[in-house]
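See below for entry32.txt, which holds compact mmCIF, C-alpha atoms and all ligand atoms.
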# COMPACT_ATOMS: atom_id res chain seq x y z
CA MET A 1342 57.01 6.58 112.68
CA SER A 1343 55.15 3.27 112.77
CA ASP A 1344 56.92 -0.06 112.14
CA GLN A 1345 55.14 -0.65 108.85
CA VAL A 1346 54.39 1.83 106.07
CA ASN A 1347 52.77 1.53 102.68
CA PHE A 1348 54.81 0.99 99.57
CA GLY A 1349 51.88 1.29 97.19
CA ASP A 1350 49.38 -1.26 98.54
CA GLU A 1351 52.03 -3.36 100.31
CA LEU A 1352 53.09 -2.91 103.95
CA VAL A 1353 56.87 -2.79 104.44
CA SER A 1354 59.38 -1.37 106.95
CA PRO A 1355 60.25 2.36 106.56
CA GLU A 1356 63.79 1.45 105.39
CA GLU A 1357 62.41 -0.97 102.82
CA LYS A 1358 60.02 1.67 101.48
CA THR A 1359 62.85 4.18 100.99
CA ARG A 1360 64.93 1.50 99.25
CA ARG A 1361 62.11 0.41 96.95
CA VAL A 1362 61.15 4.00 96.04
CA GLY A 1363 64.84 4.43 95.12
CA GLN A 1364 64.62 1.37 92.84
CA VAL A 1365 61.45 2.68 91.17
CA PHE A 1366 63.02 6.00 90.22
CA SER A 1367 66.37 4.52 89.21
CA SER A 1368 64.44 2.18 86.95
CA VAL A 1369 62.26 4.88 85.36
CA ALA A 1370 64.83 7.75 85.25
CA ARG A 1371 65.75 7.46 81.52
CA ARG A 1372 62.12 7.16 80.42
CA TYR A 1373 60.66 9.42 83.08
CA ASP A 1374 59.98 12.49 80.92
CA VAL A 1375 58.44 10.67 77.97
CA MET A 1376 56.29 8.63 80.37
CA ASN A 1377 55.06 11.81 82.07
CA ASP A 1378 53.77 13.04 78.71
CA LEU A 1379 52.13 9.71 77.91
CA MET A 1380 50.55 9.20 81.33
CA SER A 1381 49.11 12.70 81.61
CA GLY A 1382 48.45 13.35 77.91
CA GLY A 1383 50.90 16.28 78.19
CA MET A 1384 48.84 17.82 81.04
CA HIS A 1385 51.78 17.74 83.47
CA ARG A 1386 53.34 20.60 81.50
CA LEU A 1387 50.28 22.80 82.08
CA TRP A 1388 50.08 21.82 85.76
CA LYS A 1389 53.74 22.70 86.22
CA ASP A 1390 53.30 26.05 84.42
CA ARG A 1391 50.36 26.84 86.65
CA PHE A 1392 52.30 25.77 89.73
CA VAL A 1393 55.26 28.02 88.89
CA ASN A 1394 52.85 30.91 88.30
CA ARG A 1395 51.62 30.41 91.88
CA VAL A 1396 55.18 30.28 93.27
CA LYS A 1397 56.07 33.52 91.44
CA PRO A 1398 59.86 33.06 91.47
CA ARG A 1399 61.72 36.37 91.43
CA PRO A 1400 65.22 37.16 90.14
CA GLY A 1401 67.83 36.55 92.81
CA GLU A 1402 65.60 34.47 95.07
CA ASP A 1403 66.96 31.22 96.47
CA ILE A 1404 64.56 28.36 95.85
CA LEU A 1405 64.88 24.74 96.89
CA ASP A 1406 63.14 22.40 94.44
CA MET A 1407 62.89 19.26 96.54
CA ALA A 1408 62.39 15.85 94.90
CA GLY A 1409 63.23 17.85 91.78
CA GLY A 1410 64.03 14.76 89.72
CA THR A 1411 64.90 15.59 86.13
CA GLY A 1412 64.45 19.33 86.66
CA ASP A 1413 61.12 20.16 84.99
CA VAL A 1414 59.96 22.57 87.70
CA ALA A 1415 63.43 23.89 88.47
CA PHE A 1416 64.02 24.87 84.82
CA ARG A 1417 60.80 26.90 84.77
CA MET A 1418 61.85 28.77 87.94
CA ALA A 1419 65.45 29.30 86.80
CA ARG A 1420 64.19 30.87 83.56
CA ARG A 1421 62.51 33.52 85.71
CA GLY A 1422 65.86 34.41 87.29
CA ALA A 1423 65.66 32.49 90.58
CA ARG A 1424 68.73 30.67 91.93
CA VAL A 1425 67.46 27.11 92.14
CA THR A 1426 68.87 24.17 94.07
CA VAL A 1427 67.49 20.92 92.68
CA ALA A 1428 67.58 18.27 95.41
CA ASP A 1429 66.56 14.64 95.15
CA ILE A 1430 67.34 11.40 96.97
CA ASN A 1431 67.99 9.70 93.62
CA GLY A 1432 71.25 10.43 91.84
CA ASP A 1433 70.03 8.76 88.61
CA MET A 1434 67.13 11.20 88.27
CA LEU A 1435 69.49 14.15 88.92
CA GLU A 1436 71.96 12.89 86.29
CA VAL A 1437 69.19 12.91 83.66
CA GLY A 1438 68.28 16.42 84.86
CA LYS A 1439 71.85 17.69 84.51
CA GLU A 1440 72.01 16.40 80.91
CA ARG A 1441 68.69 18.07 80.11
CA ALA A 1442 69.89 21.38 81.62
CA LYS A 1443 73.01 21.20 79.47
CA GLN A 1444 70.97 20.52 76.31
CA ARG A 1445 68.80 23.55 77.12
CA GLY A 1446 71.80 25.78 77.83
CA LEU A 1447 70.59 26.38 81.39
CA SER A 1448 73.37 27.10 83.84
CA GLY A 1449 73.36 28.33 87.40
CA LEU A 1450 71.38 25.44 88.86
CA THR A 1451 72.80 23.59 91.85
CA TRP A 1452 72.21 19.81 91.99
CA LYS A 1453 72.28 17.95 95.30
CA VAL A 1454 71.52 14.42 96.46
CA GLU A 1455 69.37 14.95 99.57
CA ASN A 1456 66.76 13.04 101.54
CA ALA A 1457 63.80 15.40 102.12
CA GLU A 1458 63.42 13.94 105.62
CA LYS A 1459 66.89 15.02 106.75
CA LEU A 1460 68.44 17.83 104.76
CA SER A 1461 72.10 18.76 105.02
CA LEU A 1462 71.12 22.38 104.22
CA ALA A 1463 71.40 25.30 106.67
CA ASP A 1464 68.48 26.75 108.64
CA ALA A 1465 66.68 29.74 107.08
CA SER A 1466 68.52 29.58 103.76
CA PHE A 1467 65.70 29.64 101.14
CA ASP A 1468 62.99 32.09 100.06
CA ALA A 1469 60.79 29.32 98.73
CA TYR A 1470 60.58 25.51 98.92
CA THR A 1471 58.81 23.58 96.16
CA ILE A 1472 57.99 19.89 95.91
CA VAL A 1473 56.06 18.56 92.91
CA PHE A 1474 54.77 14.99 92.69
CA GLY A 1475 57.46 14.11 95.20
CA ILE A 1476 56.08 14.13 98.73
CA ARG A 1477 53.85 11.07 98.35
CA ASN A 1478 57.01 9.03 97.77
CA VAL A 1479 58.66 10.24 100.98
CA THR A 1480 58.56 7.70 103.82
CA ASP A 1481 58.20 10.14 106.75
CA ILE A 1482 56.13 13.03 105.38
CA PRO A 1483 55.83 15.00 108.68
CA ALA A 1484 59.66 14.93 108.97
CA ALA A 1485 59.99 16.30 105.42
CA LEU A 1486 57.51 19.10 106.18
CA ARG A 1487 59.43 20.03 109.36
CA GLU A 1488 62.65 20.15 107.32
CA ALA A 1489 60.96 22.37 104.71
CA HIS A 1490 59.99 24.75 107.51
CA ARG A 1491 63.49 24.72 109.00
CA VAL A 1492 65.35 25.59 105.78
CA LEU A 1493 62.97 28.43 104.83
CA LYS A 1494 63.70 32.01 105.83
CA ARG A 1495 61.07 33.97 107.77
CA GLY A 1496 58.44 34.98 105.24
CA GLY A 1497 59.46 31.99 103.10
CA ARG A 1498 56.86 30.22 100.97
CA PHE A 1499 56.11 26.50 100.85
CA TYR A 1500 54.46 25.08 97.73
CA CYS A 1501 53.62 21.47 97.01
CA MET A 1502 51.75 19.99 94.06
CA GLU A 1503 50.45 16.47 94.37
CA PHE A 1504 47.83 14.21 92.84
CA SER A 1505 44.63 13.80 94.77
CA SER A 1506 41.65 11.48 94.36
CA SER A 1507 38.98 13.22 92.34
CA ASP A 1508 35.50 13.69 93.82
CA TRP A 1509 33.80 14.31 90.47
CA PRO A 1510 31.72 11.13 90.01
CA GLY A 1511 32.05 10.67 86.23
CA PHE A 1512 35.60 11.92 86.12
CA SER A 1513 36.86 9.75 88.97
CA LYS A 1514 35.56 6.58 87.23
CA LEU A 1515 37.30 7.59 84.03
CA TYR A 1516 40.48 8.34 85.95
CA ASP A 1517 40.36 5.00 87.81
CA ALA A 1518 40.06 3.11 84.53
CA TRP A 1519 42.97 5.07 83.06
CA ALA A 1520 45.14 4.58 86.14
CA ASP A 1521 44.45 0.87 86.61
CA LYS A 1522 44.36 -0.32 83.03
CA VAL A 1523 46.30 2.09 80.88
CA ILE A 1524 49.21 3.46 82.92
CA PRO A 1525 50.81 0.10 83.95
CA ARG A 1526 50.47 -1.16 80.35
CA VAL A 1527 52.06 1.96 78.90
CA GLY A 1528 54.78 1.56 81.57
CA LYS A 1529 55.39 -1.97 80.31
CA ALA A 1530 55.37 -1.02 76.64
CA VAL A 1531 57.54 2.10 76.89
CA ALA A 1532 59.75 1.53 79.90
CA ASP A 1533 59.46 -2.27 80.19
CA ASP A 1534 58.48 -1.71 83.82
CA GLU A 1535 54.87 -2.42 84.74
CA ASP A 1536 55.52 -2.71 88.51
CA SER A 1537 57.02 0.77 88.91
CA TYR A 1538 54.03 2.35 87.20
CA ARG A 1539 51.61 0.25 89.25
CA TYR A 1540 53.37 1.58 92.38
CA LEU A 1541 53.00 5.17 91.13
CA VAL A 1542 49.24 4.69 90.68
CA GLN A 1543 48.84 3.02 94.09
CA SER A 1544 50.88 5.73 95.81
CA ILE A 1545 48.51 8.39 94.42
CA ARG A 1546 45.52 6.59 95.96
CA ARG A 1547 47.27 6.23 99.31
CA PHE A 1548 48.24 9.90 99.58
CA PRO A 1549 46.20 11.83 102.21
CA ARG A 1550 43.21 13.77 100.92
CA PRO A 1551 43.78 17.53 100.47
CA GLU A 1552 42.14 18.58 103.78
CA ALA A 1553 44.21 16.05 105.73
CA PHE A 1554 47.45 17.09 104.00
CA LYS A 1555 46.61 20.76 104.67
CA ARG A 1556 46.48 19.92 108.40
CA MET A 1557 49.87 18.22 108.15
CA VAL A 1558 51.31 21.38 106.55
CA ALA A 1559 49.86 23.48 109.39
CA ASP A 1560 51.18 21.00 112.00
CA ALA A 1561 54.70 21.50 110.63
CA GLY A 1562 54.44 25.17 111.64
CA PHE A 1563 53.26 26.83 108.42
CA VAL A 1564 50.61 29.54 108.62
CA ARG A 1565 47.83 30.17 106.11
CA ALA A 1566 48.05 26.57 104.95
CA ALA A 1567 45.85 26.26 101.87
CA ALA A 1568 44.85 23.57 99.37
CA GLU A 1569 43.82 24.69 95.88
CA PRO A 1570 42.31 21.93 93.73
CA MET A 1571 42.85 21.93 89.98
CA LEU A 1572 41.12 19.98 87.19
CA GLY A 1573 38.26 18.44 89.15
CA GLY A 1574 40.56 17.78 92.10
CA LEU A 1575 42.93 15.48 90.24
CA VAL A 1576 45.86 17.67 91.26
CA THR A 1577 46.09 20.01 94.27
CA ILE A 1578 48.47 22.88 94.96
CA HIS A 1579 49.23 23.19 98.68
CA SER A 1580 50.86 26.25 100.15
CA GLY A 1581 51.90 27.75 103.46
CA TRP A 1582 54.08 30.50 104.89
CA LYS A 1583 56.79 30.53 107.50
CA ILE A 1584 56.60 33.51 109.86
N1 LIG B 1 59.50 16.95 90.74
C1 LIG B 1 59.79 16.18 89.57
C2 LIG B 1 58.70 16.34 88.53
O1 LIG B 1 57.62 16.80 88.90
O2 LIG B 1 58.91 16.01 87.37
C3 LIG B 1 60.03 14.70 89.90
C4 LIG B 1 58.86 13.98 90.51
S1 LIG B 1 59.10 12.23 90.63
C5 LIG B 1 57.47 11.63 90.45
C6 LIG B 1 59.36 11.97 92.35
C7 LIG B 1 60.77 12.24 92.82
O3 LIG B 1 60.78 12.17 94.26
C8 LIG B 1 61.80 11.24 92.34
O4 LIG B 1 62.82 11.90 91.64
C9 LIG B 1 62.32 10.59 93.63
O5 LIG B 1 63.65 10.19 93.58
C10 LIG B 1 62.07 11.70 94.63
N2 LIG B 1 62.05 11.27 96.04
C11 LIG B 1 61.42 10.20 96.57
N3 LIG B 1 61.65 10.13 97.89
C12 LIG B 1 62.45 11.18 98.20
C13 LIG B 1 63.03 11.65 99.42
N4 LIG B 1 62.85 11.02 100.59
N5 LIG B 1 63.80 12.76 99.37
C14 LIG B 1 64.01 13.40 98.20
N6 LIG B 1 63.49 13.00 97.02
C15 LIG B 1 62.72 11.91 97.03
How does the structure come out when it is put into structure tokens?
Amino acid sequence: MSDQVNFGDELVSPEEKTRRVGQVFSSVARRYDVMNDLMSGGMHRLWKDRFVNRVKPRPGEDILDMAGGTGDVAFRMARRGARVTVADINGDMLEVGKERAKQRGLSGLTWKVENAEKLSLADASFDAYTIVFGIRNVTDIPAALREAHRVLKRGGRFYCMEFSSSDWPGFSKLYDAWADKVIPRVGKAVADDEDSYRYLVQSIRRFPRPEAFKRMVADAGFVRAAAEPMLGGLVTIHSGWKI
């Protein structure tokens, strides 16, 4: 890992990035779900449905939902009968998730505070590993991908959904205006936190493009690494297999 890494557009030490990402999510945890709806116009629900359809969770499977936050993706997979472990570095996000699970009458989920870069979980213990809108916040992404590979069983599936910069000319302009002007202002109005939402926008721009991330997935040992763009390339589903 290099000495300096990006926290949004700023260069900081790796430790400082992890600390500041922690602050961002502690700050937004209580407003996270309502902000997701506002920022994406409700689209995140459709993206997550589509993502879970690609994962195809089966009853009795063990799935690790990494950077699972307040449980949105985990709930969808648990409803299909999978045994889901929701892991996140931020205890505040998990606490909100536990309350939401209780309100929905969902039991059987396991909640764990974990850093994706260094998991306390055993080798070859999961049938699938999912990470949605989480990996761009991780300081050492190659380390997190190696850990994903380690905890998956042979034949295990890796799925990641992340924002990507759109290549559609008209659409990307529209998106840039939305991201730069609207999202931080909504963040200020709803969550009284403009800086956290500015970081979230900057971190999307800094995330590797789909082809580059696909190579990182392959470098971690996954086979058949693939990148499937959705909605003009605004969001990409990445996948790979462990053999
Ligand atoms: N997956 C959820 C969703 O789609 O609603 C939450 C996504 S939220 C944008 C990103 C999450 O990544 C936060 O909950 C944050 O705490 C978590 N995160 C950031 N760095 C992490 C790390 N190194 N290990 C585990 N989780 C991390």
Given all atoms listed in the file as the basis, pick out the residue of A:Glu1503, A:Glu1455, A:Asp1406, A:Asp1390 nearest to Asn1478 in chain A.
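Closest to Asn1478 in chain A, using all atoms listed in the file: A:Glu1503.
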Would you write out, as a Markdown table, a table of all residues in chain A that have an atom no more than 7 Å from an atom of ligand LIG 1 (chain B), listing for each the closest atom pair and the distance in Å to one decimal, considering all atoms listed in the file and ordering rows by chain and rising residue number?
| residue | atom | partner | partner_atom | distance |
| --- | --- | --- | --- | --- |
| A:Thr1359 | CA | B:LIG1 | N3 | 6.8 |
| A:Val1362 | CA | B:LIG1 | C11 | 6.2 |
| A:Gly1363 | CA | B:LIG1 | O5 | 6.1 |
| A:Phe1366 | CA | B:LIG1 | O5 | 5.4 |
| A:Met1407 | CA | B:LIG1 | C14 | 6.2 |
| A:Ala1408 | CA | B:LIG1 | N6 | 3.7 |
| A:Gly1409 | CA | B:LIG1 | N1 | 4.0 |
| A:Gly1410 | CA | B:LIG1 | O4 | 3.7 |
| A:Thr1411 | CA | B:LIG1 | O2 | 6.1 |
| A:Gly1412 | CA | B:LIG1 | C1 | 6.3 |
| A:Asp1413 | CA | B:LIG1 | O2 | 5.3 |
| A:Val1414 | CA | B:LIG1 | O1 | 6.3 |
| A:Ala1428 | CA | B:LIG1 | C14 | 6.7 |
| A:Asp1429 | CA | B:LIG1 | N6 | 4.0 |
| A:Ile1430 | CA | B:LIG1 | C14 | 4.1 |
| A:Asn1431 | CA | B:LIG1 | O5 | 4.4 |
| A:Met1434 | CA | B:LIG1 | O4 | 5.5 |
| A:Glu1455 | CA | B:LIG1 | C14 | 5.7 |
| A:Asn1456 | CA | B:LIG1 | N5 | 3.7 |
| A:Ala1457 | CA | B:LIG1 | N5 | 3.8 |
| A:Glu1458 | CA | B:LIG1 | N4 | 5.8 |
| A:Ile1472 | CA | B:LIG1 | N1 | 6.1 |
| A:Val1473 | CA | B:LIG1 | N1 | 4.4 |
| A:Phe1474 | CA | B:LIG1 | C4 | 4.7 |
| A:Gly1475 | CA | B:LIG1 | O3 | 4.0 |
| A:Ile1476 | CA | B:LIG1 | O3 | 6.8 |
| A:Asn1478 | CA | B:LIG1 | C11 | 4.7 |
| A:Val1479 | CA | B:LIG1 | N4 | 4.3 |
| A:Thr1480 | CA | B:LIG1 | N4 | 6.3 |
Shell of 8 Å around range 1561-1567 of chain A, all atoms listed in the file, local chain residues under 5 positions omitted, as a list in words:
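Counting all atoms listed in the file, the residues come to Pro1483, Leu1486, Arg1487, His1490, Lys1555, Arg1556, His1579, Ser1580, Gly1581, Trp1582, Lys1583 and Ile1584 of chain A.
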Could you give me the axis-aligned bounding box of range 1424-1435 of chain A, with 4 Å of padding per side, as centre plus edge lengths in Å to one decimal, as lines of an AutoDock Vina configuration file?
center_x = 68.9
center_y = 19.7
center_z = 92.6
size_x = 12.7
size_y = 29.9
size_z = 16.7
Might you pull out every residue within 12 Å of His1385 in chain A, with all atoms listed in the file counted and same-chain residues fewer than 2 positions away left off, and present them as a list in words?
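The neighbour list is Asp1374, Val1375, Met1376, Asn1377, Asp1378, Leu1379, Met1380, Ser1381, Gly1382, Gly1383, Leu1387, Trp1388, Lys1389, Asp1390, Arg1391, Phe1392, Asp1413, Val1414, Val1473, Phe1474, Met1502, Glu1503, Phe1504, Met1571, Leu1572, Leu1575 and Val1576 of chain A.
With distances restricted to only C-alpha atoms, A:Ser1505 is the closest residue to Gln1543 in chain A from A:Ser1505, A:Gly1574, A:Pro1355, A:Glu1569.
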Skip range 1531-1542 of chain A itself and residues of its chain fewer than 2 positions away, then list as a ChimeraX atom specification all residues within 7 Å of it, counting all atoms listed in the file.
/A:1349,1365,1369,1372,1520,1524-1529,1544-1546
Please provide the set of residues having any atom within 8 Å of Lys1358 in chain A, restricted to all atoms listed in the file, with same-chain residues fewer than 2 positions apart removed, written as a list in words.
Val1346, Asn1347, Phe1348, Val1353, Ser1354, Pro1355, Glu1356, Arg1360, Arg1361, Val1362 and Thr1480 of chain A
Interface rows for range 1409-1451 of chain A against range 1462-1471 of chain A: nearest pair, Å to one decimal, 10 Å, all atoms listed in the file, as JSON lines:
{"residue": "A:Gly1409", "atom": "CA", "partner": "A:Thr1471", "partner_atom": "CA", "distance": 8.5}
{"residue": "A:Val1414", "atom": "CA", "partner": "A:Thr1471", "partner_atom": "CA", "distance": 8.6}
{"residue": "A:Ala1415", "atom": "CA", "partner": "A:Thr1471", "partner_atom": "CA", "distance": 9.0}
{"residue": "A:Ala1423", "atom": "CA", "partner": "A:Asp1468", "partner_atom": "CA", "distance": 9.9}
{"residue": "A:Arg1424", "atom": "CA", "partner": "A:Phe1467", "partner_atom": "CA", "distance": 9.8}
{"residue": "A:Val1425", "atom": "CA", "partner": "A:Phe1467", "partner_atom": "CA", "distance": 9.5}
{"residue": "A:Thr1426", "atom": "CA", "partner": "A:Phe1467", "partner_atom": "CA", "distance": 9.5}
{"residue": "A:Val1427", "atom": "CA", "partner": "A:Thr1471", "partner_atom": "CA", "distance": 9.7}
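Between CA of Lys1439 in chain A and CA of Arg1395 in chain A lies a distance of 25.0 Å.
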Do you have the CA of Ala1485 in chain A-CA of Phe1416 in chain A distance handy?
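Going from CA of Ala1485 in chain A over to CA of Phe1416 in chain A, I get 22.7 Å.
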Please, what distance in Å, to one decimal, runs between CA of Val1437 in chain A and CA of Arg1420 in chain A?
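Distance between the two atoms: 18.6 Å.
Closest approach to Ala1484 in chain A from the set A:Ser1448, A:Ala1530, A:Val1523, A:Leu1460 is made by A:Leu1460, with distances taken over only C-alpha atoms.
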Once N, CA, C and O atoms are restored for range 1383-1409 of chain A, what would the output be as a short mmCIF file (atom, residue, chain, number, x, y, z; two decimals), in the coordinates of the input?
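Saved file selection_3.cif follows:
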data_model
loop_
_atom_site.label_atom_id
_atom_site.label_comp_id
_atom_site.auth_asym_id
_atom_site.auth_seq_id
_atom_site.Cartn_x
_atom_site.Cartn_y
_atom_site.Cartn_z
N GLY A 1383 50.23 14.97 78.29
CA GLY A 1383 50.90 16.28 78.19
C GLY A 1383 50.43 17.28 79.25
O GLY A 1383 51.00 18.36 79.38
N MET A 1384 49.41 16.88 80.05
CA MET A 1384 48.84 17.82 81.04
C MET A 1384 49.86 18.24 82.10
O MET A 1384 49.74 19.32 82.68
N HIS A 1385 50.84 17.39 82.39
CA HIS A 1385 51.78 17.74 83.47
C HIS A 1385 52.51 19.04 83.17
O HIS A 1385 52.87 19.78 84.07
N ARG A 1386 52.67 19.33 81.86
CA ARG A 1386 53.34 20.60 81.50
C ARG A 1386 52.50 21.80 81.93
O ARG A 1386 53.03 22.78 82.46
N LEU A 1387 51.18 21.70 81.71
CA LEU A 1387 50.28 22.80 82.08
C LEU A 1387 50.20 22.93 83.60
O LEU A 1387 50.20 24.02 84.15
N TRP A 1388 50.13 21.77 84.29
CA TRP A 1388 50.08 21.82 85.76
C TRP A 1388 51.34 22.49 86.30
O TRP A 1388 51.28 23.29 87.22
N LYS A 1389 52.49 22.14 85.71
CA LYS A 1389 53.74 22.70 86.22
C LYS A 1389 53.82 24.20 85.92
O LYS A 1389 54.30 24.98 86.74
N ASP A 1390 53.33 24.62 84.73
CA ASP A 1390 53.30 26.05 84.42
C ASP A 1390 52.44 26.79 85.44
O ASP A 1390 52.82 27.83 85.96
N ARG A 1391 51.28 26.22 85.71
CA ARG A 1391 50.36 26.84 86.65
C ARG A 1391 50.98 26.91 88.04
O ARG A 1391 50.88 27.90 88.76
N PHE A 1392 51.65 25.82 88.41
CA PHE A 1392 52.30 25.77 89.73
C PHE A 1392 53.35 26.88 89.86
O PHE A 1392 53.37 27.62 90.84
N VAL A 1393 54.18 27.01 88.84
CA VAL A 1393 55.26 28.02 88.89
C VAL A 1393 54.65 29.43 88.90
O VAL A 1393 55.17 30.33 89.57
N ASN A 1394 53.53 29.61 88.22
CA ASN A 1394 52.85 30.91 88.30
C ASN A 1394 52.40 31.24 89.72
O ASN A 1394 52.39 32.39 90.13
N ARG A 1395 52.03 30.19 90.48
CA ARG A 1395 51.62 30.41 91.88
C ARG A 1395 52.84 30.71 92.75
O ARG A 1395 52.75 31.52 93.65
N VAL A 1396 53.96 30.06 92.46
CA VAL A 1396 55.18 30.28 93.27
C VAL A 1396 55.73 31.70 93.04
O VAL A 1396 56.26 32.33 93.94
N LYS A 1397 55.57 32.20 91.82
CA LYS A 1397 56.07 33.52 91.44
C LYS A 1397 57.56 33.71 91.79
O LYS A 1397 57.92 34.55 92.62
N PRO A 1398 58.43 32.92 91.18
CA PRO A 1398 59.86 33.06 91.47
C PRO A 1398 60.35 34.44 91.01
O PRO A 1398 59.93 34.91 89.96
N ARG A 1399 61.21 35.04 91.81
CA ARG A 1399 61.72 36.37 91.43
C ARG A 1399 63.23 36.30 91.22
O ARG A 1399 63.90 35.47 91.84
N PRO A 1400 63.77 37.18 90.35
CA PRO A 1400 65.22 37.16 90.14
C PRO A 1400 65.98 37.31 91.45
O PRO A 1400 65.61 38.13 92.29
N GLY A 1401 66.98 36.47 91.62
CA GLY A 1401 67.83 36.55 92.81
C GLY A 1401 67.31 35.78 94.01
O GLY A 1401 68.02 35.64 95.00
N GLU A 1402 66.09 35.25 93.93
CA GLU A 1402 65.60 34.47 95.07
C GLU A 1402 66.28 33.11 95.11
O GLU A 1402 66.61 32.55 94.06
N ASP A 1403 66.43 32.58 96.33
CA ASP A 1403 66.96 31.22 96.47
C ASP A 1403 65.80 30.26 96.68
O ASP A 1403 65.05 30.41 97.65
N ILE A 1404 65.68 29.31 95.77
CA ILE A 1404 64.56 28.36 95.85
C ILE A 1404 65.09 26.93 95.90
O ILE A 1404 65.99 26.57 95.14
N LEU A 1405 64.53 26.15 96.81
CA LEU A 1405 64.88 24.74 96.89
C LEU A 1405 63.77 23.94 96.21
O LEU A 1405 62.63 23.95 96.66
N ASP A 1406 64.11 23.28 95.10
CA ASP A 1406 63.14 22.40 94.44
C ASP A 1406 63.42 20.98 94.91
O ASP A 1406 64.32 20.30 94.40
N MET A 1407 62.65 20.55 95.89
CA MET A 1407 62.89 19.26 96.54
C MET A 1407 62.24 18.15 95.73
O MET A 1407 61.19 18.36 95.12
N ALA A 1408 62.85 16.97 95.74
CA ALA A 1408 62.39 15.85 94.90
C ALA A 1408 62.29 16.35 93.46
O ALA A 1408 61.36 16.01 92.73
N GLY A 1409 63.26 17.14 93.07
CA GLY A 1409 63.23 17.85 91.78
C GLY A 1409 63.46 16.97 90.58
O GLY A 1409 63.22 17.39 89.44
#
